[in-house]
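Peer 1: So here's upload-v3.txt, just compact mmCIF, C-alpha atoms:
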# COMPACT_ATOMS: atom_id res chain seq x y z
CA MET A 1 120.20 1.32 160.42
CA ARG A 2 120.68 0.47 156.77
CA LYS A 3 118.71 -2.73 157.20
CA THR A 4 115.70 -0.98 158.67
CA LEU A 5 115.74 1.54 155.85
CA LEU A 6 115.83 -1.22 153.23
CA THR A 7 112.99 -3.14 154.90
CA PHE A 8 110.96 0.03 155.07
CA LEU A 9 111.53 0.78 151.39
CA THR A 10 110.66 -2.76 150.27
CA LEU A 11 107.51 -2.70 152.35
CA SER A 12 106.41 0.63 150.98
CA VAL A 13 107.01 -0.53 147.37
CA ILE A 14 104.88 -3.63 147.99
CA ALA A 15 102.22 -1.51 149.66
CA SER A 16 102.06 0.93 146.77
CA ILE A 17 101.82 -1.93 144.25
CA ILE A 18 98.85 -3.40 146.11
CA TYR A 19 97.35 0.05 146.46
CA SER A 20 97.62 0.82 142.74
CA CYS A 21 96.09 -2.56 141.85
CA GLN A 22 93.07 -1.80 143.97
CA ASN A 23 92.84 1.60 142.31
CA SER A 24 92.72 0.54 138.67
CA ASP A 25 88.93 0.38 138.87
CA GLU A 26 88.82 3.75 140.50
CA LEU A 27 91.15 5.12 137.85
CA LYS A 28 88.85 3.83 135.13
CA GLN A 29 85.93 5.49 136.82
CA GLN A 30 87.84 8.76 136.94
CA ILE A 31 88.60 8.54 133.22
CA TYR A 32 84.92 7.88 132.53
CA TYR A 33 83.99 10.81 134.75
CA THR A 34 86.34 13.24 132.96
CA ASN A 35 85.26 12.12 129.49
CA GLY A 36 81.67 12.22 130.65
CA ARG A 37 82.08 15.84 131.69
CA ASP A 38 83.30 16.79 128.19
CA LEU A 39 80.32 14.98 126.65
CA TYR A 40 78.00 16.68 129.14
CA ILE A 41 79.28 20.15 128.17
CA LYS A 42 78.76 19.30 124.51
CA HIS A 43 75.38 17.59 124.59
CA CYS A 44 73.58 18.41 127.84
CA GLN A 45 74.80 21.64 129.40
CA ASN A 46 72.79 24.02 127.17
CA CYS A 47 69.58 22.88 128.80
CA HIS A 48 70.58 21.28 132.09
CA GLY A 49 73.12 23.95 133.05
CA ALA A 50 76.76 23.98 134.11
CA ASN A 51 75.83 22.81 137.60
CA GLY A 52 72.98 20.50 136.65
CA GLU A 53 70.56 23.14 137.90
CA GLY A 54 68.09 22.83 135.00
CA LEU A 55 66.15 25.88 133.81
CA GLY A 56 63.15 27.13 135.75
CA LYS A 57 60.25 24.74 135.27
CA LEU A 58 61.27 24.14 131.66
CA VAL A 59 64.20 21.76 132.16
CA PRO A 60 64.54 19.43 135.16
CA PRO A 61 67.69 19.66 137.31
CA LEU A 62 69.98 16.65 137.76
CA THR A 63 70.19 17.06 141.50
CA ASP A 64 67.42 14.63 142.48
CA THR A 65 69.60 11.84 143.83
CA VAL A 66 66.62 9.63 144.62
CA TYR A 67 65.22 9.86 141.08
CA LEU A 68 68.62 9.14 139.53
CA LYS A 69 69.12 6.13 141.77
CA GLN A 70 65.67 4.65 141.23
CA ASN A 71 65.74 5.21 137.47
CA LYS A 72 69.36 4.39 136.75
CA GLN A 73 68.46 1.57 134.34
CA LYS A 74 66.24 3.96 132.36
CA LEU A 75 68.82 6.72 131.97
CA ALA A 76 70.47 5.15 128.89
CA CYS A 77 67.12 5.08 127.02
CA LEU A 78 66.37 8.63 128.14
CA ILE A 79 69.70 9.98 126.86
CA LYS A 80 69.70 8.04 123.60
CA ASN A 81 66.05 8.31 122.58
CA GLY A 82 64.90 11.45 124.35
CA SER A 83 61.55 11.66 126.07
CA ASP A 84 58.20 13.36 125.77
CA THR A 85 56.59 12.03 128.94
CA THR A 86 56.25 14.12 132.07
CA VAL A 87 58.88 13.52 134.75
CA THR A 88 58.58 14.45 138.40
CA ILE A 89 61.79 15.77 139.93
CA HIS A 90 61.90 17.14 143.46
CA ASN A 91 58.05 16.96 143.45
CA GLN A 92 57.89 19.26 140.43
CA ASP A 93 56.37 18.09 137.13
CA TYR A 94 58.37 18.79 133.98
CA GLU A 95 56.34 18.19 130.85
CA GLY A 96 58.70 19.45 128.14
CA LYS A 97 60.30 17.33 125.48
CA MET A 98 63.85 16.06 125.76
CA PRO A 99 65.61 15.67 122.39
CA ASP A 100 67.27 12.39 121.40
CA ASN A 101 71.02 11.82 121.17
CA ALA A 102 70.88 8.92 118.77
CA GLN A 103 74.44 9.56 117.60
CA LEU A 104 75.95 8.59 120.97
CA PHE A 105 77.66 5.22 121.37
CA ASP A 106 77.22 2.94 124.38
CA ILE A 107 80.55 4.00 125.83
CA ASP A 108 79.65 7.69 125.51
CA ILE A 109 76.39 7.07 127.36
CA ALA A 110 78.23 5.08 130.04
CA GLN A 111 80.66 7.97 130.54
CA LEU A 112 77.82 10.48 130.66
CA ILE A 113 75.97 8.42 133.26
CA VAL A 114 79.14 8.06 135.36
CA TYR A 115 79.58 11.83 135.24
CA ILE A 116 75.96 12.71 136.03
CA THR A 117 75.49 10.10 138.76
CA ASN A 118 78.69 11.22 140.50
CA SER A 119 78.08 14.99 140.30
CA TYR A 120 75.61 17.48 141.73
CA GLY A 121 75.35 15.63 145.04
CA ASN A 122 75.11 12.17 143.43
CA LYS A 123 77.64 9.48 144.26
CA GLN A 124 76.76 6.21 142.55
CA GLY A 125 80.10 4.95 141.28
CA MET A 126 80.93 3.15 138.04
CA TYR A 127 78.64 2.20 135.15
CA LYS A 128 79.86 0.05 132.26
CA PRO A 129 79.09 0.09 128.50
CA GLU A 130 77.90 -3.56 128.79
CA GLN A 131 75.23 -2.39 131.21
CA ILE A 132 74.23 0.33 128.73
CA ALA A 133 73.79 -2.28 125.97
CA GLU A 134 71.60 -4.28 128.34
CA ASP A 135 69.58 -1.21 129.37
CA LEU A 136 68.99 -0.17 125.76
CA LYS A 137 67.37 -3.53 124.98
CA ASN A 138 64.64 -2.69 127.47
CA CYS A 139 63.73 0.74 126.06
CA LYS A 140 60.04 1.34 125.68
CA MET B 1 116.87 75.68 145.86
CA LYS B 2 113.94 77.97 145.32
CA SER B 3 112.39 75.65 142.71
CA ALA B 4 112.21 72.79 145.22
CA ARG B 5 109.38 74.62 146.97
CA TYR B 6 107.19 74.21 143.93
CA ILE B 7 107.85 70.51 143.40
CA TYR B 8 105.46 69.27 146.07
CA PRO B 9 102.42 71.34 145.10
CA LEU B 10 103.10 70.61 141.45
CA SER B 11 103.32 66.86 141.88
CA PHE B 12 100.22 67.00 144.04
CA LEU B 13 98.40 68.78 141.22
CA CYS B 14 99.62 66.18 138.75
CA ILE B 15 98.23 63.34 140.85
CA ILE B 16 94.88 65.10 141.17
CA LEU B 17 94.76 65.56 137.42
CA LEU B 18 95.55 61.89 136.86
CA PHE B 19 92.67 60.84 139.08
CA ALA B 20 90.33 63.25 137.36
CA ALA B 21 91.29 61.73 134.00
CA CYS B 22 90.50 58.24 135.30
CA LYS B 23 87.04 59.26 136.37
CA GLN B 24 86.03 60.25 132.87
CA SER B 25 82.73 58.47 132.33
CA ARG B 26 82.42 55.69 129.77
CA THR B 27 79.74 55.91 127.09
CA LEU B 28 78.50 53.13 124.89
CA PRO B 29 78.87 53.47 121.12
CA ILE B 30 75.91 53.69 118.78
CA LEU B 31 76.14 50.66 116.51
CA GLY B 32 74.86 49.90 113.05
CA PRO B 33 75.13 51.64 109.67
CA ARG B 34 74.97 55.43 109.59
CA ASP B 35 73.65 57.97 107.16
CA THR B 36 73.94 61.73 106.87
CA LYS B 37 71.44 64.45 106.23
CA GLU B 38 71.69 68.17 105.69
CA VAL B 39 70.04 70.35 108.29
CA LYS B 40 69.07 73.99 107.69
CA ASN B 41 69.95 76.17 110.62
CA ALA B 42 67.91 79.16 111.77
CA ASP B 43 70.39 81.60 110.23
CA GLY B 44 70.09 80.04 106.79
CA THR B 45 73.33 78.04 106.81
CA THR B 46 73.32 74.28 106.42
CA THR B 47 75.21 71.68 108.47
CA VAL B 48 75.47 67.91 108.14
CA ASP B 49 73.90 65.70 110.79
CA THR B 50 74.48 62.01 111.45
CA VAL B 51 71.48 59.73 111.18
CA TYR B 52 71.95 56.66 113.36
CA LYS B 53 70.41 53.25 112.83
CA THR B 54 67.05 53.23 114.62
CA ILE B 55 64.68 50.36 115.34
CA PRO B 56 61.55 51.27 113.34
CA ALA B 57 57.97 51.04 114.62
CA PHE B 58 56.74 47.46 115.00
CA SER B 59 53.70 45.62 116.23
CA PHE B 60 53.58 42.03 117.44
CA LEU B 61 51.43 40.02 119.82
CA ASN B 62 52.86 39.30 123.25
CA GLN B 63 52.42 36.30 125.57
CA ASP B 64 49.08 37.69 126.75
CA SER B 65 47.87 38.14 123.15
CA LEU B 66 48.11 41.91 123.60
CA PRO B 67 49.91 44.14 121.11
CA VAL B 68 53.55 44.87 121.82
CA THR B 69 54.86 47.88 119.91
CA GLY B 70 57.72 50.35 120.01
CA ASP B 71 55.68 52.39 122.48
CA THR B 72 55.74 49.50 124.96
CA PHE B 73 59.41 50.43 125.42
CA LYS B 74 58.94 54.20 125.48
CA ASN B 75 61.56 55.83 127.73
CA LYS B 76 62.96 52.41 128.63
CA ILE B 77 66.08 50.59 127.67
CA TYR B 78 65.61 47.01 126.58
CA ILE B 79 67.43 43.86 125.62
CA ALA B 80 66.15 42.09 122.51
CA ASP B 81 66.82 38.58 121.26
CA PHE B 82 65.47 35.92 118.90
CA PHE B 83 64.63 32.38 120.00
CA PHE B 84 61.97 29.65 119.80
CA THR B 85 60.42 27.67 122.62
CA SER B 86 61.31 24.18 121.39
CA CYS B 87 64.97 25.11 120.85
CA THR B 88 67.41 22.99 122.82
CA THR B 89 70.67 24.36 121.46
CA ILE B 90 71.63 27.93 122.35
CA CYS B 91 68.27 29.32 123.55
CA PRO B 92 68.21 27.75 127.04
CA THR B 93 71.67 29.18 127.75
CA MET B 94 70.70 32.60 126.39
CA HIS B 95 67.56 32.72 128.48
CA ARG B 96 69.29 31.37 131.58
CA ASN B 97 71.66 34.34 131.27
CA MET B 98 68.89 36.82 130.45
CA LYS B 99 66.92 35.57 133.44
CA THR B 100 69.78 36.45 135.80
CA ILE B 101 69.77 40.01 134.41
CA PHE B 102 65.96 40.09 134.63
CA ASP B 103 66.16 39.08 138.29
CA GLU B 104 68.92 41.62 138.98
CA TYR B 105 66.74 44.47 137.72
CA LYS B 106 63.42 43.22 139.04
CA ASP B 107 62.91 46.49 140.95
CA ASN B 108 63.84 48.69 138.02
CA PRO B 109 60.97 49.28 135.56
CA ASP B 110 63.35 51.12 133.18
CA VAL B 111 65.02 47.89 132.07
CA MET B 112 62.87 45.69 129.83
CA PHE B 113 63.29 42.53 127.76
CA LEU B 114 61.94 41.55 124.35
CA SER B 115 62.25 38.01 123.01
CA HIS B 116 60.97 37.38 119.49
CA THR B 117 60.06 33.85 118.51
CA ILE B 118 61.20 32.78 115.05
CA ASP B 119 58.95 29.69 115.13
CA PHE B 120 55.93 31.32 113.52
CA LYS B 121 54.22 27.93 113.06
CA TYR B 122 54.14 26.67 116.63
CA ASP B 123 54.95 29.48 119.08
CA ILE B 124 51.54 31.18 119.28
CA PRO B 125 51.00 33.53 122.27
CA SER B 126 49.56 30.78 124.51
CA LYS B 127 52.72 28.71 123.94
CA LEU B 128 54.84 31.76 124.74
CA LYS B 129 52.85 32.34 127.93
CA LYS B 130 53.44 28.78 129.03
CA TYR B 131 57.14 29.12 128.29
CA ALA B 132 57.43 32.44 130.16
CA THR B 133 55.65 31.09 133.21
CA LYS B 134 57.88 28.04 133.33
CA LEU B 135 60.96 30.20 132.94
CA GLY B 136 59.75 32.08 136.00
CA VAL B 137 58.86 35.30 134.20
CA ASP B 138 55.77 37.13 135.34
CA GLY B 139 54.42 40.56 134.35
CA ALA B 140 55.04 42.83 131.39
CA ARG B 141 58.71 43.67 131.90
CA TRP B 142 59.78 40.75 129.72
CA GLN B 143 57.76 40.68 126.50
CA PHE B 144 57.64 37.56 124.32
CA ALA B 145 56.68 38.59 120.81
CA TYR B 146 54.87 36.56 118.17
CA GLY B 147 54.54 37.79 114.59
CA SER B 148 54.37 36.69 110.98
CA LYS B 149 57.50 35.16 109.49
CA ASP B 150 58.08 38.20 107.25
CA SER B 151 57.77 40.80 109.99
CA VAL B 152 59.95 39.01 112.55
CA TYR B 153 62.66 37.84 110.14
CA LYS B 154 62.81 41.29 108.53
CA ILE B 155 63.21 43.18 111.82
CA ALA B 156 65.83 40.62 112.93
CA GLU B 157 68.06 40.99 109.91
CA LYS B 158 67.43 44.57 108.82
CA ASP B 159 67.15 46.27 112.20
CA TYR B 160 68.53 44.24 115.10
CA LEU B 161 71.19 42.82 112.75
CA VAL B 162 70.68 39.25 113.97
CA ALA B 163 70.74 36.42 111.42
CA VAL B 164 67.72 34.10 111.59
CA MET B 165 66.48 31.53 109.10
CA GLU B 166 64.26 28.56 108.55
CA ASP B 167 66.38 25.56 107.62
CA SER B 168 64.77 22.19 107.00
CA THR B 169 68.17 20.48 107.14
CA ALA B 170 68.77 21.64 110.72
CA LYS B 171 67.64 19.24 113.43
CA GLU B 172 65.16 21.72 114.87
CA ASN B 173 64.21 23.45 111.59
CA TYR B 174 65.51 26.90 112.57
CA VAL B 175 68.95 28.47 112.72
CA HIS B 176 69.67 31.75 114.45
CA GLN B 177 72.33 33.78 116.22
CA GLY B 178 72.37 34.25 119.97
CA TRP B 179 72.92 37.99 120.22
CA LEU B 180 71.44 39.94 123.09
CA VAL B 181 70.96 43.41 121.62
CA LEU B 182 70.93 46.41 123.93
CA ILE B 183 68.60 49.21 122.78
CA ASP B 184 68.42 52.69 124.31
CA LYS B 185 65.34 54.89 124.70
CA ASP B 186 65.97 56.53 121.31
CA LYS B 187 65.81 53.00 119.80
CA HIS B 188 69.49 53.03 118.89
CA ILE B 189 71.58 49.87 119.14
CA ARG B 190 74.12 50.39 121.91
CA GLY B 191 75.58 46.92 122.22
CA ALA B 192 75.34 43.32 121.02
CA TYR B 193 76.50 40.48 123.24
CA ASP B 194 76.72 36.75 122.58
CA GLY B 195 74.13 35.39 125.01
CA THR B 196 75.92 32.04 125.23
CA ASN B 197 79.30 33.53 126.17
CA PRO B 198 79.68 34.18 129.93
CA GLU B 199 82.29 36.93 129.40
CA GLN B 200 80.10 38.86 127.00
CA VAL B 201 77.09 38.47 129.26
CA ALA B 202 79.22 39.88 132.09
CA GLN B 203 80.10 42.82 129.84
CA LEU B 204 76.39 43.41 129.19
CA LYS B 205 75.79 43.46 132.94
CA LYS B 206 78.48 46.16 133.22
CA ASP B 207 77.11 48.16 130.29
CA ILE B 208 73.49 48.38 131.49
CA PRO B 209 74.31 50.76 134.41
CA VAL B 210 76.41 52.89 132.01
CA LEU B 211 73.45 53.27 129.65
CA LEU B 212 71.03 53.88 132.52
CA ALA B 213 73.28 56.66 133.85
CA GLU B 214 73.40 58.23 130.40
CA GLU B 215 69.61 58.16 130.05
CA LYS B 216 69.19 59.88 133.42
CA LYS B 217 71.07 62.98 132.25
Could you spell out this file's structure in structure tokens?
Peer 2:
Amino acid sequence: MRKTLLTFLTLSVIASIIYSCQNSDELKQQIYYTNGRDLYIKHCQNCHGANGEGLGKLVPPLTDTVYLKQNKQKLACLIKNGSDTTVTIHNQDYEGKMPDNAQLFDIDIAQLIVYITNSYGNKQGMYKPEQIAEDLKNCK
Amino acid sequence: MKSARYIYPLSFLCIILLFAACKQSRTLPILGPRDTKEVKNADGTTTVDTVYKTIPAFSFLNQDSLPVTGDTFKNKIYIADFFFTSCTTICPTMHRNMKTIFDEYKDNPDVMFLSHTIDFKYDIPSKLKKYATKLGVDGARWQFAYGSKDSVYKIAEKDYLVAVMEDSTAKENYVHQGWLVLIDKDKHIRGAYDGTNPEQVAQLKKDIPVLLAEEKK
């Protein structure tokens, strides 16, 4: 009886170690997500809304999963430099101007992108600051 | 033993009275500075009357380039605020909240809205029209007012008691407060609510029916 209990305990310890190793990436993503949400509330929520719903035809919503997926490499430029070109979201043209957020660092932008692309119906996983640095080199 | 017979009716009466006290209707205060004036009565005596802060006559251009004046809001209650169309800080939140109230009262012509732009350089009526349409506002119940810098800034600070200013050091050139000011049909200020604060916006939503009930009397 005692032997089975010990074997069971050892096995479960080993299992949980393996499990937590696999989860360190996930944990990092969760930290990015939480920090990203704070940054979102501070820099984005006024216009894009608490639920990413946008504002009428003035501000585009962040619920177009297809747009966010197809334009993921352009999001860093959009957030950092703003935009004054028309975007089409859910087949609706939005022609307003988006202000820049030049003060944000690469890691902030990475956290914001992780938050946005994993909220409001999006589920795109992790995005790293190194990828942001790469994306920002290709800004138009 | 005889007194016991009165206890039940008495306690019943007490409970009724308590309920009656609860039902006492709430009225909104009249805000702003006050003055007094002496009034001569018919019998020759004089009494002192309170003069409440009143929004004076004004005339601006609305989103359709038509005049919007105090008479536009005759016998209506309205919610006034100050904003500008290119603002990306507090204005979108204010107008998101105002829009929910606008939609709630879309069948009630007695509740109106008046947004003054403080960007006298850029926000001409055609720009305001574009903004209103995109916000999803149609018709005359929500007026977007354009006026000279002097007239708008003066009515903001002296009458609606909202601070607005041009500030070249600010990122978007203008600084202003996000009050939604509730005005009754006598043009008195009956409430001021921070349009970016969900709790205060909820309070405004509770106060509108109170004011409407008062105006009906």
Peer 1: Within 8 Å of segment 106-115 of chain B, counting all atoms listed in the file, which residues qualify if same-chain residues fewer than 4 places away don't, as a list in words?
Peer 2: Phe73, Asn75, Lys76, Ile77, Tyr78, Ile79, Ala80, Asp81, Phe82, Phe83, Phe102, Arg141, Trp142, Gln143, Phe144 and Ala145 of chain B
Peer 1: Go through segment 3-68 of chain A residue by residue and, counting all atoms listed in the file, keep those with an atom at most 7 Å from segment 106-116 of chain A; for each kept residue give the shortest atom pair and its distance in Å to one decimal, ordered by chain and increasing number, as CSV.
Peer 2:
residue,atom,partner,partner_atom,distance
A:Tyr32,CA,A:Gln111,CA,4.7
A:Tyr33,CA,A:Tyr115,CA,4.6
A:Asn35,CA,A:Gln111,CA,6.3
A:Gly36,CA,A:Leu112,CA,4.2
A:Arg37,CA,A:Tyr115,CA,5.9
A:Leu39,CA,A:Leu112,CA,6.5
A:Tyr40,CA,A:Leu112,CA,6.4
Peer 1: Pick out the chain A residues within 7 Å of chain B. Count only C-alpha atoms. Give them as JSON, numbers by chain.
Peer 2: {"A": [46, 47, 55, 56, 57, 58]}
Peer 1: Using all atoms listed in the file, find the one residue out of A:Gln29, A:Gly121, A:Val59, A:Leu11 that sits nearest to Met98 of chain A.
Peer 2: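 Closest to Met98 of chain A of all the choices is A:Val59.
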Peer 1: One decimal, in Å: what's the spacing between atom CA of Val164 of chain B and atom CA of Gln45 of chain A?
Peer 2: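 Separating atom CA of Val164 of chain B from atom CA of Gln45 of chain A is a distance of 22.9 Å.
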Peer 1: Between B:Tyr52, B:Tyr105, B:Phe58, B:Tyr153, which is the closest to Arg190 of chain B once you count all atoms listed in the file?
Peer 2: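 Ranked by minimum distance to Arg190 of chain B, first place goes to B:Tyr52.
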Peer 1: Here is a test: counting all atoms listed in the file, which residue of A:Ile14, A:Tyr94, A:Leu68, A:Leu5 is nearest to Gly54 of chain A?
Peer 2: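 Residue with the minimum atom-to-atom distance to Gly54 of chain A: A:Tyr94.
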Peer 1: Which value, in Å to one decimal, gives the distance between atom CA of Asp186 of chain B and atom CA of Pro56 of chain B?
Peer 2: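 Going from atom CA of Asp186 of chain B over to atom CA of Pro56 of chain B, I get 10.5 Å.
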